[in-house]
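Take a look at the structure set out below.
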Amino acid sequence: MSRMTPFASPLLLGFDAMEKTLERLGKGSDGYPPYNIERIKKTASDEPREDECDLLRITLAVAGFSEAELEVMTEENQLIIRGRQAEQNERDYLYRGIAARQFQRIFVLADGMQVSGASLKNGLLSIDLIRPEPERVVRKINISVSQ
C-alpha cells in the first residue's frame with residue numbers, strides 16, 4: 001500500500017524538499033529549552049515604508065548558559081542554536097536539580113528570512129529575524145516554433 005503525500009499533485013512541481021522538511025519536523029524534539037516566537041509590532045509612529053518587512057523574535061530560556069557556551073548559526077535554510085555547558089567537576093553537590101544539559105534547537109526558515117541579530121539578557125537568548133518584502137518578478141517566456 002503506497003502512502004499519499006500532500007505534495008503528490010502533478011500541479012505542485014519541485015516541492016519534494018519541502019516534503020522532506022515537513023517529515024523531519026514531524027519527528028519532533030524533547031522541548032528543551034522552552035522558547036517563544038513573537039511578531040514584533042510596529043508602533044503607531046512608524047510610517048509604512050517601501051522596504052517594509054516582517055519582524056520576528058525567537059526567545060529561548062537558556063538560564064545558566066554564558067555567551068561562550070551558546071552558538072547561533074544559519075546553514076542553508078535552517079537556524080541552528082546550540083548550547084554546551086562545560087562540566088564543572090570541582091563542585092561537590094548535595095543536590096543537583098539544574099543539570100549541565102546540552103541542547104540543539106533547529107528552526108526551518110522560509111526563503112528570504114534573515115537573522116538580524118542575537119542578544120543574551122537575564123538568561124533569555126533573543127534572536128531577531130527579518131523577511132524583507134520580496135520583489136515581484138514577472139517574466140515573459142518566448143515560445144519557439146520549429147518548422
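Each chain of the C-alpha cells is named A, B, ... in the order shown, its residues numbered from 1; ligands are numbered from 1 in display order.
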Compile the contact shell of Glu75 of chain A as a JSON list (two decimals) with N, CA, C and O atoms, in the first residue's frame: residues with an atom at most 12 Å away, counting only C-alpha atoms, same-chain residues fewer than 4 positions apart removed.
[["chain", "number", "residue", "atom", "x", "y", "z"],
["A", 79, "LEU", "N", 17.98, 27.75, 10.96],
["A", 79, "LEU", "CA", 18.59, 28.47, 12.07],
["A", 79, "LEU", "C", 18.91, 27.42, 13.13],
["A", 79, "LEU", "O", 18.01, 26.72, 13.60],
["A", 80, "ILE", "N", 20.18, 27.30, 13.48],
["A", 80, "ILE", "CA", 20.62, 26.27, 14.42],
["A", 80, "ILE", "C", 21.14, 26.97, 15.68],
["A", 80, "ILE", "O", 22.01, 27.83, 15.60],
["A", 81, "ILE", "N", 20.60, 26.58, 16.83],
["A", 81, "ILE", "CA", 21.01, 27.14, 18.11],
["A", 81, "ILE", "C", 21.51, 25.98, 18.97],
["A", 81, "ILE", "O", 20.78, 25.01, 19.19],
["A", 106, "ILE", "N", 16.59, 23.53, 16.21],
["A", 106, "ILE", "CA", 16.66, 23.89, 14.80],
["A", 106, "ILE", "C", 15.31, 24.45, 14.36],
["A", 106, "ILE", "O", 14.27, 23.84, 14.61],
["A", 107, "PHE", "N", 15.35, 25.62, 13.72],
["A", 107, "PHE", "CA", 14.17, 26.23, 13.13],
["A", 107, "PHE", "C", 14.39, 26.29, 11.63],
["A", 107, "PHE", "O", 15.46, 26.69, 11.17],
["A", 108, "VAL", "N", 13.40, 25.91, 10.86],
["A", 108, "VAL", "CA", 13.49, 25.99, 9.40],
["A", 108, "VAL", "C", 12.99, 27.36, 8.98],
["A", 108, "VAL", "O", 11.90, 27.77, 9.37],
["A", 109, "LEU", "N", 13.81, 28.05, 8.21],
["A", 109, "LEU", "CA", 13.49, 29.41, 7.78],
["A", 109, "LEU", "C", 12.92, 29.41, 6.37],
["A", 109, "LEU", "O", 13.41, 28.68, 5.51],
["A", 114, "GLN", "N", 16.08, 36.36, 7.18],
["A", 114, "GLN", "CA", 17.45, 36.69, 7.56],
["A", 114, "GLN", "C", 17.52, 36.93, 9.06],
["A", 114, "GLN", "O", 16.60, 37.50, 9.64],
["A", 115, "VAL", "N", 18.62, 36.51, 9.67],
["A", 115, "VAL", "CA", 18.85, 36.78, 11.08],
["A", 115, "VAL", "C", 19.47, 38.17, 11.17],
["A", 115, "VAL", "O", 20.50, 38.43, 10.57]]
As a list in words, please: the residues near segment 63-73 of chain A (cut-off 9 Å, only C-alpha atoms, same-chain neighbours under 5 positions excluded).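 The contact residues come out as Gln78, Leu79, Ile80, Ile81, Arg82, Gly83, Arg84, Gln85, Ala86, Ile98, Ala100, Val115, Ala118, Ser119, Leu120, Asn122, Gly123, Leu124 and Ile127 of chain A.
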Could you pull out all residues of segment 8-147 of chain A with a DSSP call of alpha helix (DSSP H) and give them as number ranges by chain? A: 16-26
Per residue of segment 48-146 of chain A within 6 Å of segment 30-42 of chain A, what are the shortest atom pair and its distance in Å to one decimal, counting only C-alpha atoms, with rows by chain and residue number, as CSV?
residue,atom,partner,partner_atom,distance
A:Leu55,CA,A:Ile40,CA,5.4
A:Leu56,CA,A:Arg39,CA,4.6
A:Arg57,CA,A:Glu38,CA,5.3
A:Ile58,CA,A:Ile37,CA,4.5
A:Thr59,CA,A:Asn36,CA,5.2
A:Leu60,CA,A:Tyr35,CA,4.2
A:Ala61,CA,A:Pro34,CA,5.8
Restrict the selected residues to C-alpha atoms and save them as a short mmCIF file (atom, residue, chain, number, x, y, z; two decimals), in the first residue's frame.
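Saved the output as result02.cif:
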data_model
loop_
_atom_site.label_atom_id
_atom_site.label_comp_id
_atom_site.auth_asym_id
_atom_site.auth_seq_id
_atom_site.Cartn_x
_atom_site.Cartn_y
_atom_site.Cartn_z
CA LEU A 55 9.92 41.23 12.13
CA LEU A 56 10.02 38.07 14.26
CA ARG A 57 11.80 37.29 17.53
CA ILE A 58 12.63 33.85 18.88
CA THR A 59 13.37 33.87 22.62
CA LEU A 60 14.87 30.80 24.29
CA ALA A 61 15.16 30.27 28.07
#
What is the distance between atom CA of Leu129 of chain A and atom CA of Ala110 of chain A, in Å to one decimal?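 According to the coordinates, atom CA of Leu129 of chain A and atom CA of Ala110 of chain A are separated by 10.9 Å.
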